$ cat structure-v4.cif   # mmCIF, C-alpha atoms and all ligand atoms
data_structure
#
loop_
_atom_site.label_atom_id
_atom_site.label_comp_id
_atom_site.auth_asym_id
_atom_site.auth_seq_id
_atom_site.Cartn_x
_atom_site.Cartn_y
_atom_site.Cartn_z
CA MET A 1 -31.16 8.65 40.49
CA SER A 2 -32.03 11.72 38.48
CA ILE A 3 -28.41 11.92 37.28
CA ARG A 4 -28.76 8.44 35.82
CA ILE A 5 -31.92 9.47 33.97
CA ILE A 6 -30.16 12.52 32.56
CA GLN A 7 -27.25 10.32 31.52
CA LEU A 8 -29.67 7.93 29.84
CA LEU A 9 -31.38 10.79 28.03
CA LEU A 10 -28.03 12.15 26.88
CA VAL A 11 -27.05 8.75 25.52
CA LEU A 12 -30.39 8.47 23.71
CA LEU A 13 -29.94 11.97 22.28
CA ALA A 14 -26.46 11.17 21.09
CA PHE A 15 -27.78 8.10 19.34
CA THR A 16 -30.77 9.70 17.65
CA GLY A 17 -28.48 12.46 16.45
CA ASP A 18 -26.56 9.87 14.48
CA LEU A 19 -29.39 7.61 13.60
CA TYR A 20 -30.13 7.22 9.94
CA PHE A 21 -32.41 4.57 8.70
CA GLY A 22 -30.31 4.26 5.57
CA GLN A 23 -29.76 0.83 4.16
CA ALA A 24 -26.31 -0.57 4.85
CA GLN A 25 -24.59 -2.19 1.91
CA PHE A 26 -21.20 -2.99 0.49
CA ILE A 27 -19.73 -1.59 -2.63
CA ASN A 28 -16.71 -2.82 -4.51
CA ILE A 29 -14.11 -0.36 -5.66
CA VAL A 30 -12.23 -1.68 -8.68
CA ASP A 31 -9.42 -0.54 -10.92
CA GLU A 32 -9.34 -0.19 -14.73
CA ASN A 33 -9.15 -3.97 -15.15
CA GLY A 34 -12.05 -4.62 -12.83
CA LYS A 35 -9.74 -5.93 -10.12
CA GLN A 36 -10.90 -5.13 -6.61
CA ILE A 37 -9.01 -2.41 -4.77
CA ILE A 38 -11.19 -2.56 -1.67
CA ARG A 39 -14.68 -3.56 -0.61
CA THR A 40 -16.18 -0.89 1.60
CA ASP A 41 -19.23 -0.21 3.72
CA ALA A 42 -21.74 2.08 2.10
CA VAL A 43 -25.14 3.41 3.08
CA LEU A 44 -28.13 4.01 0.86
CA GLU A 45 -29.66 7.22 2.17
CA ARG A 46 -31.78 10.03 0.71
CA GLY A 47 -31.87 8.23 -2.61
CA THR A 48 -28.13 8.07 -3.06
CA THR A 49 -25.13 6.04 -1.98
CA TYR A 50 -22.87 7.34 0.76
CA LEU A 51 -19.29 6.25 1.35
CA PRO A 52 -17.10 6.80 4.42
CA VAL A 53 -14.41 9.46 4.10
CA GLU A 54 -11.74 6.78 4.71
CA VAL A 55 -12.29 5.56 1.14
CA LEU A 56 -10.48 8.69 -0.05
CA SER A 57 -7.30 7.81 1.81
CA LEU A 58 -7.46 4.10 1.02
CA VAL A 59 -8.01 4.53 -2.70
CA PHE A 60 -6.92 7.98 -3.80
CA ASP A 61 -4.58 9.65 -1.39
CA ALA A 62 -2.74 7.99 1.47
CA ASN A 63 -1.69 11.40 2.74
CA LEU A 64 -5.22 12.72 3.08
CA THR A 65 -6.03 14.28 6.41
CA GLN A 66 -9.46 14.93 7.85
CA LYS A 67 -10.56 17.14 10.69
CA TYR A 68 -14.06 17.06 12.10
CA ILE A 69 -15.35 19.41 14.77
CA PRO A 70 -18.56 17.99 16.29
CA LEU A 71 -19.61 21.30 17.83
CA THR A 72 -19.75 23.17 14.53
CA LYS A 73 -20.27 20.03 12.39
CA LYS A 74 -17.46 21.27 10.18
CA LEU A 75 -15.43 18.73 8.25
CA THR A 76 -12.18 19.71 6.56
CA LEU A 77 -10.34 17.41 4.19
CA THR A 78 -6.85 18.14 2.94
CA LEU A 79 -6.32 16.29 -0.32
CA GLY A 80 -3.62 16.95 -2.83
CA LYS A 81 -2.87 20.64 -2.49
CA LYS A 82 -6.50 21.48 -1.76
CA GLN A 83 -8.53 21.94 1.38
CA ILE A 84 -12.21 21.16 1.16
CA HIS A 85 -14.57 22.53 3.80
CA PHE A 86 -17.88 20.74 4.38
CA ARG A 87 -20.56 21.03 6.98
CA ILE A 88 -22.56 17.94 7.94
CA ASN A 89 -26.11 18.19 6.50
CA ALA A 90 -25.19 21.18 4.31
CA THR A 91 -24.83 20.85 0.54
CA SER A 92 -22.49 23.74 -0.10
CA ILE A 93 -18.74 23.15 0.05
CA GLN A 94 -15.77 25.47 -0.15
CA ILE A 95 -12.49 24.67 -1.84
CA GLU A 96 -9.25 26.40 -0.82
CA PRO A 97 -7.03 27.88 -2.09
CA GLY A 98 -9.18 29.95 -4.37
CA GLY A 99 -12.29 30.17 -2.20
CA GLU A 100 -14.31 28.46 -4.93
CA SER A 101 -17.62 27.05 -3.72
CA THR A 102 -19.69 24.22 -5.13
CA VAL A 103 -23.02 22.69 -4.25
CA LEU A 104 -23.54 18.97 -3.95
CA SER A 105 -27.04 17.60 -4.53
CA HIS A 106 -26.71 15.57 -1.32
CA PRO A 107 -25.10 16.80 1.89
CA PRO A 108 -22.38 14.96 3.84
CA LEU A 109 -23.86 12.94 6.71
CA LEU A 110 -22.68 11.65 10.03
CA ILE A 111 -23.41 7.94 10.22
CA LYS A 112 -22.40 6.04 13.34
CA ARG A 113 -20.29 9.06 14.20
CA LYS A 114 -18.26 8.83 11.01
CA PRO A 115 -18.50 11.39 8.22
CA PHE A 116 -19.89 9.93 4.99
CA LEU A 117 -19.82 11.63 1.58
CA PRO A 118 -22.33 11.17 -1.25
CA ILE A 119 -21.14 9.14 -4.24
CA GLU A 120 -21.29 12.25 -6.47
CA PHE A 121 -18.39 13.71 -4.51
CA PHE A 122 -16.29 10.76 -5.70
CA THR A 123 -17.54 10.70 -9.30
CA GLN A 124 -17.57 14.47 -9.89
CA LEU A 125 -15.14 16.22 -7.58
CA VAL A 126 -12.38 13.66 -7.07
CA PRO A 127 -11.54 13.64 -10.84
CA GLN A 128 -11.02 17.41 -10.62
CA ILE A 129 -8.49 17.01 -7.84
CA TYR A 130 -6.65 13.83 -8.78
CA ILE A 131 -5.60 12.14 -12.01
CA PHE A 132 -8.42 9.60 -11.76
CA ASP A 133 -11.69 9.09 -13.58
CA VAL A 134 -14.32 7.67 -11.28
CA SER A 135 -17.60 6.07 -12.31
CA TYR A 136 -20.29 4.33 -10.29
CA ASN A 137 -22.58 1.55 -11.40
CA THR A 138 -25.62 1.47 -9.09
CA THR A 139 -26.83 -1.95 -10.19
CA LEU A 140 -23.49 -3.66 -9.68
CA ARG A 141 -22.68 -1.44 -6.66
CA ARG A 142 -19.30 -0.99 -8.23
CA MET A 143 -17.12 2.09 -8.34
CA GLN A 144 -14.42 2.03 -10.98
CA VAL A 145 -11.31 4.13 -10.67
CA ILE A 146 -9.20 4.68 -13.77
CA GLU A 147 -5.92 6.52 -13.79
CA LYS A 148 -6.11 9.20 -16.50
CA ILE A 149 -2.55 8.74 -17.67
CA SER A 150 -2.60 4.99 -18.02
CA GLY A 151 0.35 4.51 -20.36
CA SER A 152 0.59 0.73 -20.35
CA THR A 153 0.24 -0.84 -23.78
CA LYS A 154 -1.03 -4.32 -24.53
CA ASN A 155 2.50 -5.49 -25.15
CA GLU A 156 3.68 -4.29 -21.76
CA ALA A 157 0.72 -5.91 -20.03
CA ASP A 158 1.82 -9.30 -21.36
CA GLN A 159 5.27 -8.98 -19.77
CA PHE A 160 5.93 -10.52 -16.37
CA THR A 161 6.02 -7.48 -14.13
CA ALA A 162 7.68 -7.19 -10.75
CA ILE A 163 7.80 -4.29 -8.32
CA ILE A 164 11.03 -3.47 -6.55
CA ASP A 165 10.61 -1.10 -3.66
CA PHE A 166 13.63 0.81 -2.43
CA GLY A 167 13.34 1.66 1.25
CA HIS A 168 13.17 5.12 2.80
CA GLY A 169 13.98 8.26 0.78
CA GLY A 170 13.71 12.02 1.23
CA LYS A 171 13.20 12.97 4.86
CA ASP A 172 13.44 9.33 5.89
CA THR A 173 17.13 8.42 5.70
CA GLY A 174 16.89 4.87 7.05
CA CYS A 175 19.93 3.64 8.91
CA HIS A 176 23.30 5.35 8.62
CA GLN A 177 26.94 4.66 9.35
CA ASN A 178 30.09 6.72 8.67
CA GLY A 179 28.05 9.27 6.72
CA ILE A 180 26.50 6.65 4.47
CA LEU A 181 22.71 6.68 4.37
CA GLU A 182 20.55 3.65 3.66
CA LYS A 183 18.23 5.71 1.44
CA ASP A 184 21.15 6.67 -0.86
CA LEU A 185 22.70 3.25 -0.96
CA VAL A 186 19.51 1.46 -2.00
CA LEU A 187 18.98 4.17 -4.62
CA ARG A 188 22.36 3.30 -6.13
CA LEU A 189 21.10 -0.27 -6.36
CA ALA A 190 17.92 1.03 -8.04
CA GLU A 191 20.09 2.66 -10.74
CA ARG A 192 21.90 -0.64 -11.33
CA ILE A 193 18.56 -2.45 -11.56
CA GLN A 194 17.34 0.01 -14.17
CA MET A 195 20.50 -0.48 -16.22
CA GLU A 196 20.44 -4.26 -15.95
CA ALA A 197 16.69 -4.67 -16.49
CA SER A 198 16.47 -2.86 -19.81
CA ASP A 199 17.31 -5.82 -22.03
CA ARG A 200 15.41 -8.50 -20.16
CA THR A 201 11.99 -9.98 -20.86
CA ILE A 202 10.66 -9.10 -17.41
CA LYS A 203 9.40 -5.64 -16.62
CA ILE A 204 10.50 -3.92 -13.43
CA LEU A 205 8.56 -1.13 -11.74
CA LEU A 206 10.31 0.88 -9.04
CA THR A 207 8.46 2.54 -6.18
CA ARG A 208 11.06 5.29 -6.30
CA ASP A 209 14.00 6.18 -8.54
CA SER A 210 14.88 9.42 -6.81
CA ASP A 211 15.40 10.79 -3.32
CA THR A 212 11.72 11.32 -2.49
CA THR A 213 9.86 10.80 0.77
CA LEU A 214 7.48 7.85 0.48
CA TYR A 215 5.28 6.60 3.28
CA ALA A 216 4.41 2.92 3.63
CA LYS A 217 0.87 3.73 2.51
CA ASP A 218 2.20 5.33 -0.71
CA ARG A 219 4.22 2.25 -1.53
CA ILE A 220 1.27 -0.02 -0.78
CA ARG A 221 -1.11 2.03 -2.87
CA PHE A 222 1.38 2.25 -5.76
CA SER A 223 1.88 -1.50 -5.69
CA ASN A 224 -1.71 -2.61 -5.33
CA ARG A 225 -2.80 -0.35 -8.15
CA ARG A 226 -0.25 -1.94 -10.50
CA THR A 227 -2.50 -4.89 -11.13
CA GLU A 228 -0.16 -6.32 -13.78
CA ALA A 229 2.55 -6.78 -11.12
CA LYS A 230 3.08 -10.36 -9.98
CA LEU A 231 5.50 -9.88 -7.11
CA PHE A 232 6.92 -7.29 -4.76
CA ILE A 233 10.43 -7.04 -3.30
CA SER A 234 11.33 -4.35 -0.79
CA VAL A 235 15.06 -3.64 -0.55
CA HIS A 236 16.77 -2.36 2.61
CA CYS A 237 20.07 -2.40 4.48
CA ASN A 238 20.20 -3.71 8.01
CA MET A 239 21.65 -2.45 11.28
CA SER A 240 22.39 -4.36 14.46
CA PHE A 241 23.87 -3.67 17.89
CA SER A 242 26.10 -6.62 17.25
CA PRO A 243 28.87 -5.82 14.73
CA LYS A 244 29.16 -9.56 14.15
CA LYS A 245 25.81 -9.79 12.37
CA LYS A 246 26.41 -9.75 8.64
CA GLY A 247 25.25 -10.79 5.22
CA LEU A 248 22.06 -10.83 3.19
CA GLU A 249 18.72 -11.82 4.67
CA VAL A 250 15.27 -12.38 3.25
CA TYR A 251 12.07 -11.74 5.22
CA VAL A 252 8.55 -13.02 4.63
CA ASN A 253 5.53 -11.46 6.27
CA ASN A 254 3.79 -13.86 8.61
CA SER A 255 1.30 -12.20 10.92
CA LYS A 256 1.06 -15.36 13.01
CA SER A 257 4.78 -15.72 13.49
CA ASP A 258 6.12 -15.01 16.96
CA LEU A 259 9.67 -14.66 15.68
CA LEU A 260 10.05 -11.05 16.68
CA LYS A 261 12.93 -8.64 16.91
CA ILE A 262 15.37 -10.39 14.66
CA GLY A 263 17.11 -7.17 13.81
CA LEU A 264 14.79 -5.19 11.58
CA GLU A 265 14.28 -1.52 12.15
CA PRO A 266 11.14 -0.88 14.22
CA ASN A 267 9.27 0.80 11.33
CA GLU A 268 9.66 -2.31 9.22
CA ILE A 269 7.88 -4.41 11.84
CA GLY A 270 4.24 -3.74 12.48
CA ASN A 271 1.26 -4.61 14.56
CA ALA A 272 -0.84 -7.02 12.55
CA ASN A 273 -4.12 -5.68 13.95
CA ASP A 274 -4.21 -1.97 13.24
CA GLN A 275 -6.34 -2.34 10.11
CA PRO A 276 -9.47 -0.17 10.27
CA SER A 277 -12.24 -2.63 11.13
CA LEU A 278 -14.66 -1.06 8.65
CA PHE A 279 -12.82 -2.56 5.73
CA LYS A 280 -12.20 -6.15 4.89
CA PRO A 281 -9.57 -6.11 2.20
CA LEU A 282 -7.49 -9.03 1.06
CA THR A 283 -4.54 -9.85 3.23
CA GLN A 284 -0.97 -10.80 2.48
CA ASP A 285 -1.66 -14.05 4.39
CA GLN A 286 -3.22 -15.61 1.33
CA PHE A 287 0.09 -15.19 -0.50
CA LEU A 288 2.15 -16.76 2.28
CA ASP A 289 3.07 -19.88 0.28
CA SER A 290 4.05 -17.98 -2.84
CA SER A 291 5.96 -15.40 -0.78
CA ARG A 292 7.89 -18.25 0.83
CA GLN A 293 8.61 -19.60 -2.63
CA LEU A 294 9.87 -16.20 -3.76
CA ALA A 295 12.05 -15.98 -0.64
CA THR A 296 13.54 -19.41 -1.36
CA VAL A 297 14.34 -18.47 -4.95
CA LEU A 298 16.04 -15.26 -3.79
CA LYS A 299 17.97 -17.11 -1.10
CA HIS A 300 19.40 -19.60 -3.60
CA GLN A 301 20.19 -16.88 -6.14
CA PHE A 302 22.04 -14.77 -3.55
CA GLU A 303 23.88 -17.82 -2.25
CA ASP A 304 25.02 -18.68 -5.79
CA VAL A 305 26.16 -15.14 -6.59
CA PHE A 306 27.82 -14.23 -3.27
CA GLY A 307 28.91 -17.67 -2.05
CA GLN A 308 27.56 -17.11 1.46
CA LYS A 309 24.66 -18.50 3.45
CA VAL A 310 21.46 -16.46 3.23
CA SER A 311 18.80 -16.88 5.93
CA VAL A 312 15.04 -16.55 5.48
CA PHE A 313 12.93 -15.27 8.39
CA GLU A 314 9.20 -14.98 8.93
CA LEU A 315 7.67 -12.27 11.07
CA PRO A 316 4.93 -9.64 10.95
CA LEU A 317 6.08 -6.94 8.53
CA ASN A 318 4.35 -3.62 8.48
CA MET A 319 5.53 -2.76 5.00
CA ILE A 320 4.41 -5.96 3.36
CA ARG A 321 1.26 -7.18 5.05
CA ASN A 322 -1.01 -5.01 2.89
CA ILE A 323 0.65 -5.91 -0.40
CA TYR A 324 -1.72 -8.12 -2.35
CA MET A 325 0.79 -10.26 -4.23
CA PRO A 326 3.73 -12.47 -3.28
CA ALA A 327 6.08 -10.17 -1.39
CA VAL A 328 9.36 -10.26 0.49
CA LEU A 329 11.76 -7.85 2.14
CA VAL A 330 15.45 -8.17 1.39
CA GLU A 331 18.22 -6.81 3.59
CA ILE A 332 21.31 -6.65 1.41
CA GLY A 333 23.80 -6.31 4.27
CA TYR A 334 24.55 -4.79 7.67
CA PHE A 335 25.70 -1.19 8.00
CA SER A 336 26.89 -2.14 11.48
CA ASN A 337 29.32 -4.73 10.12
CA PRO A 338 32.53 -3.07 8.81
CA LEU A 339 33.12 -5.70 6.10
CA ASP A 340 29.50 -5.55 4.92
CA LEU A 341 29.61 -1.77 4.83
CA LYS A 342 32.78 -1.77 2.76
CA LYS A 343 31.21 -4.19 0.29
CA LEU A 344 27.90 -2.34 0.16
CA LYS A 345 29.72 0.77 -1.07
CA GLU A 346 31.35 -1.06 -3.98
CA ASN A 347 29.82 -0.78 -7.44
CA GLN A 348 30.72 -4.39 -8.10
CA PHE A 349 28.67 -5.62 -5.15
CA LEU A 350 25.70 -3.48 -6.18
CA SER A 351 25.85 -4.76 -9.76
CA GLN A 352 26.00 -8.35 -8.53
CA ALA A 353 23.07 -7.76 -6.21
CA ALA A 354 21.07 -6.18 -9.06
CA VAL A 355 21.75 -9.13 -11.35
CA ALA A 356 20.92 -11.64 -8.59
CA LEU A 357 17.60 -9.90 -7.91
CA LEU A 358 16.65 -9.87 -11.59
CA GLN A 359 17.70 -13.49 -12.11
CA ALA A 360 15.65 -14.52 -9.09
CA ILE A 361 12.62 -12.73 -10.55
CA GLU A 362 13.14 -14.55 -13.87
CA ARG A 363 13.46 -17.86 -12.03
CA TYR A 364 10.29 -17.15 -10.06
CA HIS A 365 8.54 -16.31 -13.32
CA GLU A 366 9.33 -19.80 -14.64
CA ILE A 367 7.87 -21.37 -11.49
CA PHE A 368 4.88 -19.05 -11.68
CA ILE A 369 4.09 -20.08 -15.27
CA THR A 370 4.36 -23.76 -14.42
CA GLN A 371 2.10 -23.36 -11.40
CA ASN A 372 -0.50 -21.34 -13.25
CA ASN A 373 -0.69 -23.99 -15.94
CA LEU A 374 -1.14 -26.65 -13.29
CA SER A 375 -3.85 -24.79 -11.42
CA SER A 376 -5.84 -24.05 -14.60
CA ILE A 377 -5.94 -27.79 -15.32
CA GLY A 378 -7.53 -28.57 -11.97
CA GLU A 379 -9.86 -25.56 -11.90
CA GLU A 380 -12.31 -26.21 -9.13
CA VAL A 381 -11.02 -23.92 -6.40
CA GLN A 382 -13.46 -22.28 -3.94
ZN ZN B 1 15.40 0.12 5.92
#

$ encode --input "structure-v4.cif" --output "structure tokens"
Amino acid sequence: MSIRIIQLLLVLLAFTGDLYFGQAQFINIVDENGKQIIRTDAVLERGTTYLPVEVLSLVFDANLTQKYIPLTKKLTLTLGKKQIHFRINATSIQIEPGGESTVLSHPPLLIKRKPFLPIEFFTQLVPQIYIFDVSYNTTLRRMQVIEKISGSTKNEADQFTAIIDFGHGGKDTGCHQNGILEKDLVLRLAERIQMEASDRTIKILLTRDSDTTLYAKDRIRFSNRRTEAKLFISVHCNMSFSPKKKGLEVYVNNSKSDLLKIGLEPNEIGNANDQPSLFKPLTQDQFLDSSRQLATVLKHQFEDVFGQKVSVFELPLNMIRNIYMPAVLVEIGYFSNPLDLKKLKENQFLSQAAVALLQAIERYHEIFITQNNLSSIGEEVQ
């Protein structure tokens, strides 16, 4: 009996320790064009706005790590090459390396057991660490993030822009066969794309053009911040236990599809429900129709160029489900099939694949223009 009372008291204590009567609200985080990056929970407390630490990794740095020790109330964030040491309820912070210390006018708080940082941390300190300018409009509850080296000119913004993502890179080799690595092979295709794209009207952005390690989050952040981009294509090579499996394939993300295990590498398939529940961003689901359209265009283009049947599959795709534009994943051939592998190594095949990809993007652009004109005529959506 008394144990239950003590338990009850402990629970009450734990709650009051976290209890802030701050006003819960949402704020929108937008890019330089006012387009929403995310909508996040915020709390109005002690006369200022507080945001959860997760905002840092979702908006600024996918590689951010945080460590919180409840006993000492110490919070350490590793962002960029810096470590920032906070203590919950204390205004002074320490930045390593260098041992520099700064004082915030509002201390970090623990709200519902999650560390929250005052808005001034985002508007004043983040710009000193990253290449972003950050401003906050209290009335609109809107935080705007502008990349300091925004080199895009008006002319470029008018071009139809597509993102081509080349899988793996750096430490992540992808699949391999006979000493050939997927990360290198797709990079050779990237070089062809760059050569072929230069004298076309469309603009191509690459997530990588060198052998660098990129995590899925980096690719997603890169892509969603390029608000001028109208579509996303991730390029990979496939691998199967069956040497008979061959040819090009196109994949569309469909979180509701139960078509699992078709042959993709495990890291390209994801669990559709591991989104942090605090945030309610857009989902790839709303682009399902246009992604299917993009997949169909690619399928026909590949079939024309290579004279072989190209299949389109739908399944939950880790890489793509957080890309907020029409998006597909293309497997340009099987490393496990000797004929495919031989072809994949040839410059001629890679050039043909590059041209087919670019032509498909141009073809999709035509459809896109037609559709946009149609939808602006019947403007009454939502
Ligand atoms: Zn891959």

$ closest_atom_pairs --input "structure-v4.cif" --of "chain A" --to "ligand ZN 1 (chain B)" --cutoff "7 Å" --atoms "only C-alpha atoms and all ligand atoms" --output "Markdown table"
| residue | atom | partner | partner_atom | distance |
| --- | --- | --- | --- | --- |
| A:Gly167 | CA | B:ZN1 | ZN | 5.3 |
| A:His168 | CA | B:ZN1 | ZN | 6.3 |
| A:Gly174 | CA | B:ZN1 | ZN | 5.1 |
| A:Cys175 | CA | B:ZN1 | ZN | 6.5 |
| A:Glu182 | CA | B:ZN1 | ZN | 6.6 |
| A:His236 | CA | B:ZN1 | ZN | 4.4 |
| A:Cys237 | CA | B:ZN1 | ZN | 5.5 |
| A:Asn238 | CA | B:ZN1 | ZN | 6.5 |
| A:Glu265 | CA | B:ZN1 | ZN | 6.5 |

$ residues_around --input "structure-v4.cif" --residues "A:Leu294" --least-positions-apart "6" --cutoff "9 Å" --atoms "all atoms listed in the file" --output "VMD selection string"
chain A and resid 231 326 to 328 360 to 361 364

$ closest_residue --input "structure-v4.cif" --among "A:Phe232, A:Leu44, A:Phe349, A:Lys309" --to "A:Phe287" --atoms "all atoms listed in the file"
A:Phe232

$ closest_residue --input "structure-v4.cif" --among "A:Met143, A:Leu181, A:Val305, A:Leu79" --to "A:Arg39" --atoms "only C-alpha atoms"
A:Met143

$ closest_residue --input "structure-v4.cif" --among "A:Asn137, A:Thr201, A:Asn337, A:Ser210" --to "A:Gly169" --atoms "all atoms listed in the file"
A:Ser210

$ residues_around --input "structure-v4.cif" --residues "A:Glu331" --least-positions-apart "6" --cutoff "9 Å" --atoms "all atoms listed in the file" --output "list in words"
Ser234, Val235, His236, Cys237, Asn238, Gly247, Leu248, Glu249, Val250, Tyr251 and Leu264 of chain A

$ write_last_selection --input "structure-v4.cif" --atoms "C-alpha atoms" --output "CSV table (one decimal), in the coordinates of the input"
chain,number,residue,atom,x,y,z
A,234,SER,CA,11.3,-4.4,-0.8
A,235,VAL,CA,15.1,-3.6,-0.6
A,236,HIS,CA,16.8,-2.4,2.6
A,237,CYS,CA,20.1,-2.4,4.5
A,238,ASN,CA,20.2,-3.7,8.0
A,247,GLY,CA,25.2,-10.8,5.2
A,248,LEU,CA,22.1,-10.8,3.2
A,249,GLU,CA,18.7,-11.8,4.7
A,250,VAL,CA,15.3,-12.4,3.2
A,251,TYR,CA,12.1,-11.7,5.2
A,264,LEU,CA,14.8,-5.2,11.6

$ residues_around --input "structure-v4.cif" --residues "A:Thr227" --least-positions-apart "2" --cutoff "12 Å" --atoms "only C-alpha atoms" --output "PyMOL selection string"
chain A and resi 30-37+146+152+157-158+160-163+205+221-225+229-232+323-325

$ closest_residue --input "structure-v4.cif" --among "A:Thr76, A:Ser240, A:Gln301, A:Ser336" --to "A:Ala353" --atoms "all atoms listed in the file"
A:Gln301

$ closest_residue --input "structure-v4.cif" --among "A:Leu358, A:Leu51, A:Ile233, A:Ile332" --to "A:Ile29" --atoms "all atoms listed in the file"
A:Leu51

$ atom_distance --input "structure-v4.cif" --atom1 "atom CA of A:Met195" --atom2 "atom CA of A:Gly170"
22.5 Å

$ closest_residue --input "structure-v4.cif" --among "A:Val297, A:Val252, A:Leu71, A:Val134" --to "A:Leu315" --atoms "only C-alpha atoms"
A:Val252
